[in-house]
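Data block below; observations after.
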Amino acid sequence: MEDRIKKRGNQLIVYVPKELDHHFAEQITPQVDRELEKGLIKQLVFDFSETSFMDSSGIGMVMGRKRILSYSKGTVVAIHVNDRVLKIMQLSGIYKHIEISQEPVWNYRMR
């Protein structure tokens, strides 16, 4: 699971697997939260390039991390989102709270 998280300066990147479900959310949440609790992360990036499915557990995990980062004025971004996952994000309303990019190439710039 450690290979799914990468830290770059004040940015934390989570490489989401093929399915963002209860199993993955339960495994990754404590690791991400430990990093966020340090207070050094200003941007959390979820890379959905491999992902074709996301359920309510995944939505809850992303929104929970958004809530934690909002206390320190941090941001959450979803990148490489395919049409199917985008539709789930639109139906859930998550798109109103995080930046979503479908671009195949995303610039990992610091904000």
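As shown in the structure tokens, the chain order sets the letters A, B, ...; within each chain, residues go from 1, and ligands are also counted from 1 in the order they appear.
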Review point. Segment 11-18 of chain A: which residues within 8 Å, counting only C-alpha atoms, same-chain residues fewer than 2 positions away excluded, as JSON, numbers by chain?
Key: {"A": [4, 5, 6, 7, 8, 9, 20, 24, 41, 42, 43, 44, 45, 46, 47, 48, 49, 50, 51, 52, 53, 110]}
Residues from the last selection, C-alpha atoms, saved as an mmCIF file, in the first residue's frame:
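result15.cif, freshly written:
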data_model
loop_
_atom_site.group_PDB
_atom_site.id
_atom_site.type_symbol
_atom_site.label_atom_id
_atom_site.label_comp_id
_atom_site.auth_asym_id
_atom_site.auth_seq_id
_atom_site.Cartn_x
_atom_site.Cartn_y
_atom_site.Cartn_z
ATOM 1 C CA ARG A 4 0.122 4.074 -3.574
ATOM 2 C CA ILE A 5 1.166 7.256 -1.729
ATOM 3 C CA LYS A 6 3.858 9.702 -2.785
ATOM 4 C CA LYS A 7 4.853 12.949 -1.102
ATOM 5 C CA ARG A 8 6.219 15.880 -3.141
ATOM 6 C CA GLY A 9 6.942 18.932 -1.030
ATOM 7 C CA LEU A 20 -12.047 2.715 -5.101
ATOM 8 C CA PHE A 24 -9.162 0.379 -0.489
ATOM 9 C CA ILE A 41 0.309 18.956 3.246
ATOM 10 C CA LYS A 42 -1.436 21.785 1.379
ATOM 11 C CA GLN A 43 -2.688 19.790 -1.604
ATOM 12 C CA LEU A 44 -3.992 16.234 -1.741
ATOM 13 C CA VAL A 45 -4.064 14.756 -5.240
ATOM 14 C CA PHE A 46 -6.026 11.616 -6.087
ATOM 15 C CA ASP A 47 -4.728 10.106 -9.345
ATOM 16 C CA PHE A 48 -7.568 8.135 -10.954
ATOM 17 C CA SER A 49 -5.628 7.039 -14.061
ATOM 18 C CA GLU A 50 -6.147 3.313 -13.243
ATOM 19 C CA THR A 51 -9.641 3.639 -11.750
ATOM 20 C CA SER A 52 -12.834 2.455 -13.410
ATOM 21 C CA PHE A 53 -15.106 2.125 -10.354
ATOM 22 C CA MET A 110 2.646 23.438 -6.289
#
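Near Leu86 of chain A, within 12 Å and counting only C-alpha atoms, sit Phe48, Ser49, Thr51, Ser52, Phe53, Met54, Ile59, Ala78, Ile79, His80, Val81, Asn82, Asp83, Met89, Gln90, Leu91, Ser92, Gly93, Ile94, Tyr95, Ile98, Glu99, Ile100, Ser101 and Gln102 of chain A, not including residues fewer than 3 positions from it in the same chain.
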**Study point:** Nearby residues (only C-alpha atoms) at most 10 Å from Ser56 of chain A, same-chain spacing under 5 positions excluded, as a ChimeraX atom specification
**Key:** /A:20-22,61-62,88,92
Strand (DSSP E or B) positions in segment 16-107 of chain A, given as a JSON list (two decimals) with all heavy atoms, in the first residue's frame:
[["chain", "number", "residue", "atom", "x", "y", "z"],
["A", 19, "GLU", "N", -10.36, -0.16, -8.46],
["A", 19, "GLU", "CA", -11.63, 0.04, -7.77],
["A", 19, "GLU", "C", -11.41, 0.81, -6.47],
["A", 19, "GLU", "O", -10.67, 0.36, -5.61],
["A", 19, "GLU", "CB", -12.29, -1.30, -7.47],
["A", 19, "GLU", "CG", -12.68, -2.05, -8.72],
["A", 19, "GLU", "CD", -13.45, -3.33, -8.41],
["A", 19, "GLU", "OE1", -13.61, -3.69, -7.23],
["A", 19, "GLU", "OE2", -13.90, -3.96, -9.38],
["A", 20, "LEU", "N", -12.07, 1.95, -6.35],
["A", 20, "LEU", "CA", -12.05, 2.72, -5.10],
["A", 20, "LEU", "C", -13.31, 2.33, -4.34],
["A", 20, "LEU", "O", -14.37, 2.91, -4.51],
["A", 20, "LEU", "CB", -12.00, 4.22, -5.37],
["A", 20, "LEU", "CG", -12.06, 5.15, -4.15],
["A", 20, "LEU", "CD1", -11.13, 4.71, -3.05],
["A", 20, "LEU", "CD2", -11.78, 6.56, -4.56],
["A", 43, "GLN", "N", -1.89, 20.28, -0.48],
["A", 43, "GLN", "CA", -2.69, 19.79, -1.60],
["A", 43, "GLN", "C", -2.66, 18.27, -1.61],
["A", 43, "GLN", "O", -1.60, 17.65, -1.57],
["A", 43, "GLN", "CB", -2.16, 20.32, -2.93],
["A", 43, "GLN", "CG", -3.04, 19.91, -4.10],
["A", 43, "GLN", "CD", -2.55, 20.48, -5.41],
["A", 43, "GLN", "OE1", -1.40, 20.32, -5.76],
["A", 43, "GLN", "NE2", -3.43, 21.17, -6.11],
["A", 44, "LEU", "N", -3.84, 17.68, -1.65],
["A", 44, "LEU", "CA", -3.99, 16.23, -1.74],
["A", 44, "LEU", "C", -4.49, 15.91, -3.14],
["A", 44, "LEU", "O", -5.53, 16.43, -3.57],
["A", 44, "LEU", "CB", -4.98, 15.74, -0.68],
["A", 44, "LEU", "CG", -5.30, 14.26, -0.67],
["A", 44, "LEU", "CD1", -4.06, 13.40, -0.48],
["A", 44, "LEU", "CD2", -6.33, 13.96, 0.43],
["A", 45, "VAL", "N", -3.74, 15.10, -3.86],
["A", 45, "VAL", "CA", -4.06, 14.76, -5.24],
["A", 45, "VAL", "C", -4.43, 13.28, -5.31],
["A", 45, "VAL", "O", -3.65, 12.43, -4.90],
["A", 45, "VAL", "CB", -2.86, 15.03, -6.17],
["A", 45, "VAL", "CG1", -3.19, 14.63, -7.60],
["A", 45, "VAL", "CG2", -2.43, 16.49, -6.09],
["A", 46, "PHE", "N", -5.62, 12.99, -5.83],
["A", 46, "PHE", "CA", -6.03, 11.62, -6.09],
["A", 46, "PHE", "C", -5.87, 11.37, -7.58],
["A", 46, "PHE", "O", -6.54, 12.01, -8.39],
["A", 46, "PHE", "CB", -7.48, 11.38, -5.67],
["A", 46, "PHE", "CG", -7.69, 11.36, -4.19],
["A", 46, "PHE", "CD1", -8.13, 12.49, -3.52],
["A", 46, "PHE", "CD2", -7.43, 10.21, -3.45],
["A", 46, "PHE", "CE1", -8.33, 12.48, -2.14],
["A", 46, "PHE", "CE2", -7.61, 10.19, -2.08],
["A", 46, "PHE", "CZ", -8.06, 11.33, -1.42],
["A", 47, "ASP", "N", -4.98, 10.44, -7.94],
["A", 47, "ASP", "CA", -4.73, 10.11, -9.34],
["A", 47, "ASP", "C", -5.60, 8.91, -9.71],
["A", 47, "ASP", "O", -5.37, 7.79, -9.27],
["A", 47, "ASP", "CB", -3.24, 9.79, -9.54],
["A", 47, "ASP", "CG", -2.88, 9.57, -10.99],
["A", 47, "ASP", "OD1", -3.75, 9.13, -11.78],
["A", 47, "ASP", "OD2", -1.71, 9.80, -11.34],
["A", 53, "PHE", "N", -13.95, 2.26, -11.23],
["A", 53, "PHE", "CA", -15.11, 2.13, -10.35],
["A", 53, "PHE", "C", -14.86, 2.85, -9.04],
["A", 53, "PHE", "O", -13.76, 2.80, -8.48],
["A", 53, "PHE", "CB", -15.38, 0.64, -10.06],
["A", 53, "PHE", "CG", -16.47, 0.43, -9.05],
["A", 53, "PHE", "CD1", -17.80, 0.54, -9.41],
["A", 53, "PHE", "CD2", -16.16, 0.12, -7.74],
["A", 53, "PHE", "CE1", -18.81, 0.34, -8.47],
["A", 53, "PHE", "CE2", -17.16, -0.07, -6.79],
["A", 53, "PHE", "CZ", -18.49, 0.03, -7.16],
["A", 54, "MET", "N", -15.90, 3.52, -8.54],
["A", 54, "MET", "CA", -15.84, 4.16, -7.24],
["A", 54, "MET", "C", -17.23, 4.05, -6.60],
["A", 54, "MET", "O", -18.23, 4.38, -7.25],
["A", 54, "MET", "CB", -15.44, 5.63, -7.36],
["A", 54, "MET", "CG", -15.37, 6.36, -6.04],
["A", 54, "MET", "SD", -14.61, 8.00, -6.12],
["A", 54, "MET", "CE", -15.86, 8.93, -6.97],
["A", 75, "THR", "N", -6.21, 22.04, -0.40],
["A", 75, "THR", "CA", -7.10, 21.68, -1.50],
["A", 75, "THR", "C", -7.00, 20.20, -1.82],
["A", 75, "THR", "O", -5.98, 19.56, -1.56],
["A", 75, "THR", "CB", -6.79, 22.48, -2.78],
["A", 75, "THR", "OG1", -5.43, 22.20, -3.18],
["A", 75, "THR", "CG2", -6.97, 23.96, -2.57],
["A", 76, "VAL", "N", -8.06, 19.68, -2.42],
["A", 76, "VAL", "CA", -8.10, 18.30, -2.89],
["A", 76, "VAL", "C", -8.39, 18.33, -4.39],
["A", 76, "VAL", "O", -9.26, 19.07, -4.84],
["A", 76, "VAL", "CB", -9.18, 17.48, -2.16],
["A", 76, "VAL", "CG1", -9.27, 16.07, -2.73],
["A", 76, "VAL", "CG2", -8.88, 17.43, -0.67],
["A", 77, "VAL", "N", -7.63, 17.54, -5.13],
["A", 77, "VAL", "CA", -7.75, 17.49, -6.59],
["A", 77, "VAL", "C", -7.87, 16.04, -7.03],
["A", 77, "VAL", "O", -7.17, 15.17, -6.51],
["A", 77, "VAL", "CB", -6.50, 18.13, -7.25],
["A", 77, "VAL", "CG1", -6.61, 18.09, -8.76],
["A", 77, "VAL", "CG2", -6.28, 19.53, -6.76],
["A", 78, "ALA", "N", -8.74, 15.78, -7.99],
["A", 78, "ALA", "CA", -8.84, 14.46, -8.63],
["A", 78, "ALA", "C", -8.36, 14.62, -10.06],
["A", 78, "ALA", "O", -8.85, 15.48, -10.79],
["A", 78, "ALA", "CB", -10.28, 13.97, -8.61],
["A", 79, "ILE", "N", -7.36, 13.83, -10.44],
["A", 79, "ILE", "CA", -6.80, 13.95, -11.78],
["A", 79, "ILE", "C", -6.96, 12.65, -12.56],
["A", 79, "ILE", "O", -7.19, 11.60, -11.97],
["A", 79, "ILE", "CB", -5.30, 14.36, -11.74],
["A", 79, "ILE", "CG1", -4.47, 13.30, -11.02],
["A", 79, "ILE", "CG2", -5.14, 15.72, -11.07],
["A", 79, "ILE", "CD1", -2.96, 13.51, -11.14],
["A", 99, "GLU", "N", -11.49, 20.03, -7.12],
["A", 99, "GLU", "CA", -11.13, 20.26, -8.52],
["A", 99, "GLU", "C", -10.99, 18.90, -9.20],
["A", 99, "GLU", "O", -10.37, 17.98, -8.66],
["A", 99, "GLU", "CB", -9.81, 21.02, -8.59],
["A", 99, "GLU", "CG", -9.35, 21.33, -10.00],
["A", 99, "GLU", "CD", -8.01, 22.03, -10.02],
["A", 99, "GLU", "OE1", -7.64, 22.68, -9.03],
["A", 99, "GLU", "OE2", -7.32, 21.92, -11.04],
["A", 100, "ILE", "N", -11.56, 18.76, -10.40],
["A", 100, "ILE", "CA", -11.51, 17.51, -11.15],
["A", 100, "ILE", "C", -10.91, 17.78, -12.52],
["A", 100, "ILE", "O", -11.32, 18.72, -13.20],
["A", 100, "ILE", "CB", -12.90, 16.89, -11.30],
["A", 100, "ILE", "CG1", -13.48, 16.57, -9.92],
["A", 100, "ILE", "CG2", -12.85, 15.64, -12.17],
["A", 100, "ILE", "CD1", -14.92, 16.13, -9.94]]
What are the closest atom pairs, with distances in Å to one decimal, for each residue of segment 5-35 of chain A lying within 10 Å of segment 65-73 of chain A, using only C-alpha atoms, rows by chain and rising residue number, as CSV?
residue,atom,partner,partner_atom,distance
A:Thr29,CA,A:Arg65,CA,8.3
A:Val32,CA,A:Arg65,CA,8.2
A:Asp33,CA,A:Arg65,CA,7.5
Go ahead and save the residues from that selection, with all heavy atoms, as a compact mmCIF listing (two decimals), in the first residue's frame.
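Everything below was put into result_23.txt:
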# COMPACT_ATOMS: atom_id res chain seq x y z
N THR A 29 -7.03 5.30 4.15
CA THR A 29 -7.42 6.42 4.98
C THR A 29 -6.48 6.67 6.17
O THR A 29 -6.04 7.81 6.36
CB THR A 29 -8.89 6.27 5.46
OG1 THR A 29 -9.72 6.27 4.30
CG2 THR A 29 -9.29 7.40 6.37
N VAL A 32 -3.15 8.24 4.87
CA VAL A 32 -3.32 9.61 4.40
C VAL A 32 -3.54 10.54 5.60
O VAL A 32 -2.93 11.61 5.69
CB VAL A 32 -4.48 9.72 3.39
CG1 VAL A 32 -4.78 11.17 3.05
CG2 VAL A 32 -4.16 8.94 2.12
N ASP A 33 -4.37 10.12 6.53
CA ASP A 33 -4.66 10.95 7.70
C ASP A 33 -3.40 11.22 8.53
O ASP A 33 -3.23 12.32 9.06
CB ASP A 33 -5.74 10.31 8.57
CG ASP A 33 -7.13 10.43 7.96
OD1 ASP A 33 -7.26 11.10 6.91
OD2 ASP A 33 -8.07 9.86 8.52
Practice item. Per DSSP on the backbone, filter chain A down to the residues in alpha helix (DSSP H) and report them as an MDAnalysis selection string. Key: chainID A and resid 22:37 56:70 83:92
Practice item. Could you tell me how far atom CA of Asn10 of chain A lies from atom CA of Leu40 of chain A, in Å and to one decimal? Key: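 Taking atom CA of Asn10 of chain A and atom CA of Leu40 of chain A, their separation equals 5.8 Å.
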